[in-house]
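Everything on this sheet refers to the single structure shown next.
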Amino acid sequence: MSDEKPKCPDVAIDKPAEQAFCSFFRRIEEKAADTVRLFERAGGDYYTAHGDDALFVAEFVFKTPSVIKYWGGDAKTNGIPYVSISKLNSISLMRDLLLVKQKRVEIWENDGKNSKTFSLGKWASPGNLGALEDLLFANNNQIMSSPVVLAVKPGVKNEQKIIGLAYTDAATMHVIGVSEFVDNDTFSNFESILIQLSVKECIIPDDDSSYEGRKLKAILDRCGIVVTSRKRSSFDTKDVEQDLNRLLAGEINVSALPEYEMSQAMGAVASLLKYLQLLNDDSNFGQYRLENYDLSQYMRLDAAAMKALNLMPTGTEGSNKTMSLFGLLNQTRTSQGARLLAQWLKQPLMNLTEIETRQNLVESFAQDTEFRQSIQDECLKKFPDLHRIGKKFIRGKANLQDVLRVYQVVIMLPALLETLNNHEGEYRWLLEEMYTEKLKEYSTGLQRFQEMVETTIDIAAAENHEYIIKADFDEQLQVTKVAKDRLEKQLVPEAERVADDLGVEYEKKLKLEQHSQYGWHLRLTKADAAKIRGKREYIELTTNKSGSLFTTSKLKRLSGDIDELRAKYDELQVNLVKEIIGITAGYFPVFERLNQLIAHMDVIISLAHIAVYAPEKFVRPKLYPKGESDLILKGSRHPCLEVQDGVSFISNNVEMSRESSKFQIITGPNMGGKSTYIRQIGVIVLLAQIGAFVPCTEATLPLFDAVLCRVGASDSQLKGVSTFMAEMLETASILKAATPNSLIIIDELGRGTSTYDGFGLAWAISEHIGEQIGSFCLFATHFHELTAISEKMCSVKNLHVKAKTDSKSITLLYKVEEGICDQSFGIHVAELAAFPEAVVRLAKRKADELEDFSAPHEMEKKLAKFSNEEIEAGNQLIQGFLDEYKGAMNSSGVAEGMEEWDLEAKKVLNGLKSKYEAAVEENGFLREIVANM
């Protein structure tokens, strides 16, 4: 939204029309809660929102309820609240609703016959922007990621859960992707594919009663994806064959393709095609291709990993783009490059050869700064989004200006090729294979297109923002242009005559200009504006900040005649323009491939830029196949935190050995760096598998098939999910999805329930991961007792973050070292937070009473030597002691909290101590307990 305070346009409507609209508004069908309705007014000059939508717009756009007005009464008499919004603010609002807030938008339009009634004209959803795309991105606003809409059809086969899905990405290539796979009870594979594809909206069967339906909705909600329910009949496949045959390019019948055998996926395709209404637009016919999406080609990420690793911006970063990994890495110069980077971050590779290819490319650009900057600034910076332009050609909405934008790309290619050819680095052969050879092929293939443009379009006129066919291309065009040029030559002499008449200097104080509304006219500076006042030969048009705009009779006539000739020229060239646009559209398969190549180069160079310009340079990690290496990082850092102002980041070494330390338990104080430490390892693993360099001084890693996280769950009370339930759902998904080649990151599991239950669950989960799954795991916890699990499992290693304390302060060192943290620092942190002294004292007293930080297994060993009879006798003595103490204090008449309480308690305890001293001394079990107190 604009920082400038928006204003409400005036609504031009009389009282009868107001009453009629109120009657109409109360009759229309109730909308979904996630939908905002806008009513188009004055042909789209402004819009109105009514009812709850008006309240929402007042709060979100205008930041005040004072803009709300009422029709058909007032707030007390059941009037309908409304707000008017200018076109510019409406577009900004719609863009934010669809791309950020994940809401749907409906535009209701007047039918032109009855000004009192409206009908639904356009609608859009986060995954289907098509109807509003031209409006939303008219000013070249870019979308960071593609709006993917996905349809899913769950089923059961041989007692296994089968997921069939279909998706398409309206913002990039015309692809209908399909996939069908077996999933587990928690649908973890389905969740991974949602993350990998950056799905914005998901179509599911309308079945809230089934387990599958409820589970799918819960996952979609956790991933922040808009849910669209459709009747089960929309997933019927009876027409899907003929529908796909019309949409797909090529002559092969879809029934001959292996994807057609995926029955569940074809049901999802049927629903997807109906929802997007692809068959209603003839321009879609023959434009799509069908492809099978292989889930296993990419590392799996869950929604919690997306959040824990800060992969994508959340909208709360403000101007600090480097708080997310995407914001840090995004040094791309093109919008297609930015989209591809977002895709790579969600699709880390599993193919070692592909990763090493990317690493080689990154290294070649990182080693040569001049080479890298030359391509970034001289080529990529000027490169438009060819896919966005291509969609205009396919829809028949392109013009000569779009043809020239594409032409500008073609004439840039030789300079880019020359820069690539001049590079003499180690990986020159790879640059030739990946970029140079393909660019040569595209440049050759587009040579005839370049010749056509240069032969037919007046490129010189385009420099003055006039987009026309060359006059010598047609005899009638030539005659019209000669006449127009003759008239235009008379403009300057008329302007010079006026300057002489007014006694001002032409082109300094008097200027000849052209305006879409006023045509050719003259502008006089404000200081000299009085010179035309009272002179009938000068026709004043308007006055603005730049001066006074006026014309003369002759200038007005010339301008009108020129406009008529220009209109005639446009009319004469219409058929030629259509032909040129049609020919250009035929080249777009080549332009699409060129667009993808430029996006790939843009992302590689962006990764190289970050590797070089980080506070400490990134290094190329050594990667090995799954299961063939330990994880060793030297001087590892968190890439986002180290670039923040005022941060001096403390690096840490990491060593996770499959045999002795693949499960690591990290203890230590709050704010001491535990969470940062485990997250930065996850970030480094992800960066390595997208082919990027990593923030370390040395790095060796195996390929991981998944990064799965359980961190910082929060209440979702509106959805009926508590902190603890959220923890358990996420953890259950991890336990189902993890393999020995996964990386699991767990931060503070078990805090949402009682200490005993939480610790029991943390122990059981740790034991299951370590012994049954065998994953690499980083477990940050305040359950210090959990460190005892290292004695049971040889693969567990205990680490702690260092801190120093004295009686008054705590110093956090942010260094991770081997061993167990021997104390809790919670009360020290409370002191830093300026808790009242009385609260701190009480906390220390209770901590002393309740907490013993020596390892509990050692006490268990010492007590194991006593017989059950001796332990039972000791317990009876303890119970007797407590009962007598309680009875004596109850009969003392002193209430707890009175000044005499402590004195009376001490007196009773001394008496009981004398009474029980001999019995305690005779019982070995009690002697051991007293000795360790």
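Simple scheme: letters A, B, ... for chains in structure tokens order, numbers from 1 for residues in each chain, numbers from 1 for ligands in the order shown.
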(message) Excluding A:Ala737 and its own-chain neighbours fewer than 5 positions away, which residues fall within 10 Å of it when counting only C-alpha atoms? Please give them as a ChimeraX atom specification.
(response) /A:183-189,192,300,302,706,708,731-732,742,773
Same residues, N, CA and C atoms, output as a PDB file, in the first residue's frame:
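The result, written out as again22.pdb:
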ATOM      1  N   ASP A 183       1.181 -42.514   0.390  1.00  0.00           N
ATOM      2  CA  ASP A 183       1.514 -41.635   1.512  1.00  0.00           C
ATOM      3  C   ASP A 183       1.194 -42.326   2.827  1.00  0.00           C
ATOM      4  N   ASN A 184       1.703 -41.743   3.925  1.00  0.00           N
ATOM      5  CA  ASN A 184       1.465 -42.319   5.243  1.00  0.00           C
ATOM      6  C   ASN A 184       0.259 -41.652   5.915  1.00  0.00           C
ATOM      7  N   ASP A 185       0.007 -42.027   7.160  1.00  0.00           N
ATOM      8  CA  ASP A 185      -1.172 -41.512   7.863  1.00  0.00           C
ATOM      9  C   ASP A 185      -1.123 -40.002   8.069  1.00  0.00           C
ATOM     10  N   THR A 186       0.066 -39.448   8.156  1.00  0.00           N
ATOM     11  CA  THR A 186       0.183 -37.996   8.387  1.00  0.00           C
ATOM     12  C   THR A 186       0.328 -37.204   7.088  1.00  0.00           C
ATOM     13  N   PHE A 187       0.278 -37.875   5.955  1.00  0.00           N
ATOM     14  CA  PHE A 187       0.365 -37.236   4.628  1.00  0.00           C
ATOM     15  C   PHE A 187       1.614 -36.350   4.504  1.00  0.00           C
ATOM     16  N   SER A 188       2.736 -36.860   4.984  1.00  0.00           N
ATOM     17  CA  SER A 188       3.968 -36.067   4.973  1.00  0.00           C
ATOM     18  C   SER A 188       4.493 -35.845   3.555  1.00  0.00           C
ATOM     19  N   ASN A 189       4.296 -36.818   2.656  1.00  0.00           N
ATOM     20  CA  ASN A 189       4.712 -36.616   1.261  1.00  0.00           C
ATOM     21  C   ASN A 189       3.888 -35.510   0.601  1.00  0.00           C
ATOM     22  N   SER A 192       5.182 -32.206   1.758  1.00  0.00           N
ATOM     23  CA  SER A 192       6.445 -31.856   1.092  1.00  0.00           C
ATOM     24  C   SER A 192       6.210 -31.299  -0.307  1.00  0.00           C
ATOM     25  N   ARG A 300      12.964 -33.200   0.778  1.00  0.00           N
ATOM     26  CA  ARG A 300      11.651 -32.897   1.347  1.00  0.00           C
ATOM     27  C   ARG A 300      11.784 -31.896   2.495  1.00  0.00           C
ATOM     28  N   ASP A 302       9.227 -29.734   5.370  1.00  0.00           N
ATOM     29  CA  ASP A 302       7.874 -29.566   5.889  1.00  0.00           C
ATOM     30  C   ASP A 302       7.620 -28.088   6.189  1.00  0.00           C
ATOM     31  N   ALA A 706      15.777 -35.115   3.539  1.00  0.00           N
ATOM     32  CA  ALA A 706      14.746 -34.251   4.133  1.00  0.00           C
ATOM     33  C   ALA A 706      15.351 -33.434   5.263  1.00  0.00           C
ATOM     34  N   LEU A 708      13.533 -31.861   8.526  1.00  0.00           N
ATOM     35  CA  LEU A 708      12.250 -31.874   9.226  1.00  0.00           C
ATOM     36  C   LEU A 708      12.412 -31.175  10.564  1.00  0.00           C
ATOM     37  N   THR A 731       5.475 -33.441  15.452  1.00  0.00           N
ATOM     38  CA  THR A 731       6.421 -34.504  15.792  1.00  0.00           C
ATOM     39  C   THR A 731       5.983 -35.837  15.200  1.00  0.00           C
ATOM     40  N   ALA A 732       4.676 -36.100  15.231  1.00  0.00           N
ATOM     41  CA  ALA A 732       4.168 -37.347  14.639  1.00  0.00           C
ATOM     42  C   ALA A 732       4.500 -37.404  13.153  1.00  0.00           C
ATOM     43  N   SER A 742      17.803 -38.422   6.845  1.00  0.00           N
ATOM     44  CA  SER A 742      17.120 -37.147   7.088  1.00  0.00           C
ATOM     45  C   SER A 742      17.851 -36.362   8.170  1.00  0.00           C
ATOM     46  N   ILE A 773      14.909 -45.020  13.890  1.00  0.00           N
ATOM     47  CA  ILE A 773      15.015 -44.314  12.608  1.00  0.00           C
ATOM     48  C   ILE A 773      16.468 -44.126  12.197  1.00  0.00           C
TER      49      ILE A 773
END
(request) Would you mind listing what lies within 12 Å of A:Leu877 as a PyMOL selection string, with only C-alpha atoms counted and same-chain residues fewer than 6 positions away left out? (result) chain A and resi 870-871+883-884+912-913+915-923+925-926
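Residues of stretch 412-536 of chain A that DSSP, applied to the backbone, places in strand (DSSP E): Leu510, Lys511, Leu512, Glu513, Gln514, His515, Gly519, Trp520, His521, Leu522, Arg523 and Leu524 of chain A.
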Write out, as a tab-separated table (two decimals), in the first residue's frame, the residues just selected, with C-alpha atoms.
chain	number	residue	atom	x	y	z
A	510	LEU	CA	8.23	28.92	-23.86
A	511	LYS	CA	8.14	25.24	-24.80
A	512	LEU	CA	6.29	23.21	-27.42
A	513	GLU	CA	4.86	20.01	-25.92
A	514	GLN	CA	2.50	17.17	-26.67
A	515	HIS	CA	-0.15	15.85	-24.27
A	519	GLY	CA	-2.51	17.45	-28.15
A	520	TRP	CA	0.25	19.81	-29.32
A	521	HIS	CA	0.29	22.93	-27.11
A	522	LEU	CA	2.57	25.56	-25.61
A	523	ARG	CA	3.75	25.90	-22.01
A	524	LEU	CA	4.79	29.19	-20.47
(message) Quick one: residues within 9 Å of stretch 341-344 of chain A, only C-alpha atoms, excluding same-chain residues fewer than 3 positions away - as number ranges by chain?
(response) A: 144-146, 196-198, 311-312, 326, 329-330, 332, 336-338, 347-349, 599-600, 602-604, 606, 690
If you keep C-alpha atoms, can you produce a file of those selected residues as a PDB file, in the first residue's frame?
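Contents of result11.pdb, as written:
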ATOM      1  CA  MET A 144       8.010 -13.024  -6.166  1.00  0.00           C
ATOM      2  CA  SER A 145       6.666 -16.543  -6.623  1.00  0.00           C
ATOM      3  CA  SER A 146       4.309 -18.149  -9.067  1.00  0.00           C
ATOM      4  CA  GLN A 196       8.240 -27.782  -3.183  1.00  0.00           C
ATOM      5  CA  LEU A 197       5.654 -26.345  -5.583  1.00  0.00           C
ATOM      6  CA  SER A 198       4.897 -23.168  -3.569  1.00  0.00           C
ATOM      7  CA  LEU A 311      13.300 -19.475   3.933  1.00  0.00           C
ATOM      8  CA  MET A 312      10.834 -16.874   2.664  1.00  0.00           C
ATOM      9  CA  PHE A 326      15.390 -15.519   0.123  1.00  0.00           C
ATOM     10  CA  LEU A 329      20.247 -14.371  -1.480  1.00  0.00           C
ATOM     11  CA  ASN A 330      18.070 -12.348  -3.836  1.00  0.00           C
ATOM     12  CA  THR A 332      18.829 -11.162  -8.985  1.00  0.00           C
ATOM     13  CA  GLN A 336      12.070 -14.442 -13.624  1.00  0.00           C
ATOM     14  CA  GLY A 337      15.349 -14.891 -11.738  1.00  0.00           C
ATOM     15  CA  ALA A 338      13.697 -13.984  -8.434  1.00  0.00           C
ATOM     16  CA  GLN A 347      13.472 -27.648  -4.098  1.00  0.00           C
ATOM     17  CA  PRO A 348      16.983 -28.565  -2.884  1.00  0.00           C
ATOM     18  CA  LEU A 349      18.435 -31.165  -5.227  1.00  0.00           C
ATOM     19  CA  ALA A 599      16.632 -16.805 -15.070  1.00  0.00           C
ATOM     20  CA  HIS A 600      19.088 -19.670 -14.416  1.00  0.00           C
ATOM     21  CA  ASP A 602      20.600 -14.677 -12.915  1.00  0.00           C
ATOM     22  CA  VAL A 603      20.212 -17.004  -9.915  1.00  0.00           C
ATOM     23  CA  ILE A 604      23.710 -18.484 -10.288  1.00  0.00           C
ATOM     24  CA  SER A 606      23.160 -13.944  -7.407  1.00  0.00           C
ATOM     25  CA  ILE A 690      20.674 -25.955  -3.962  1.00  0.00           C
TER      26      ILE A 690
END
(request) Fewer than 6 positions away in the same chain doesn't count, so skip those; otherwise give me all residues within 12 Å of A:Glu30, counting only C-alpha atoms, as an NGL selection string. (result) :A and (36-37 or 51-52)
May I have the selected residues written with C-alpha atoms, as a tab-separated table (two decimals), in the first residue's frame?
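The file below, selection_0.tsv, is the result:
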chain	number	residue	atom	x	y	z
A	36	VAL	CA	-13.74	-9.53	-0.43
A	37	ARG	CA	-16.35	-8.04	-2.81
A	51	GLY	CA	-21.10	-4.38	4.67
A	52	ASP	CA	-18.30	-6.27	6.41
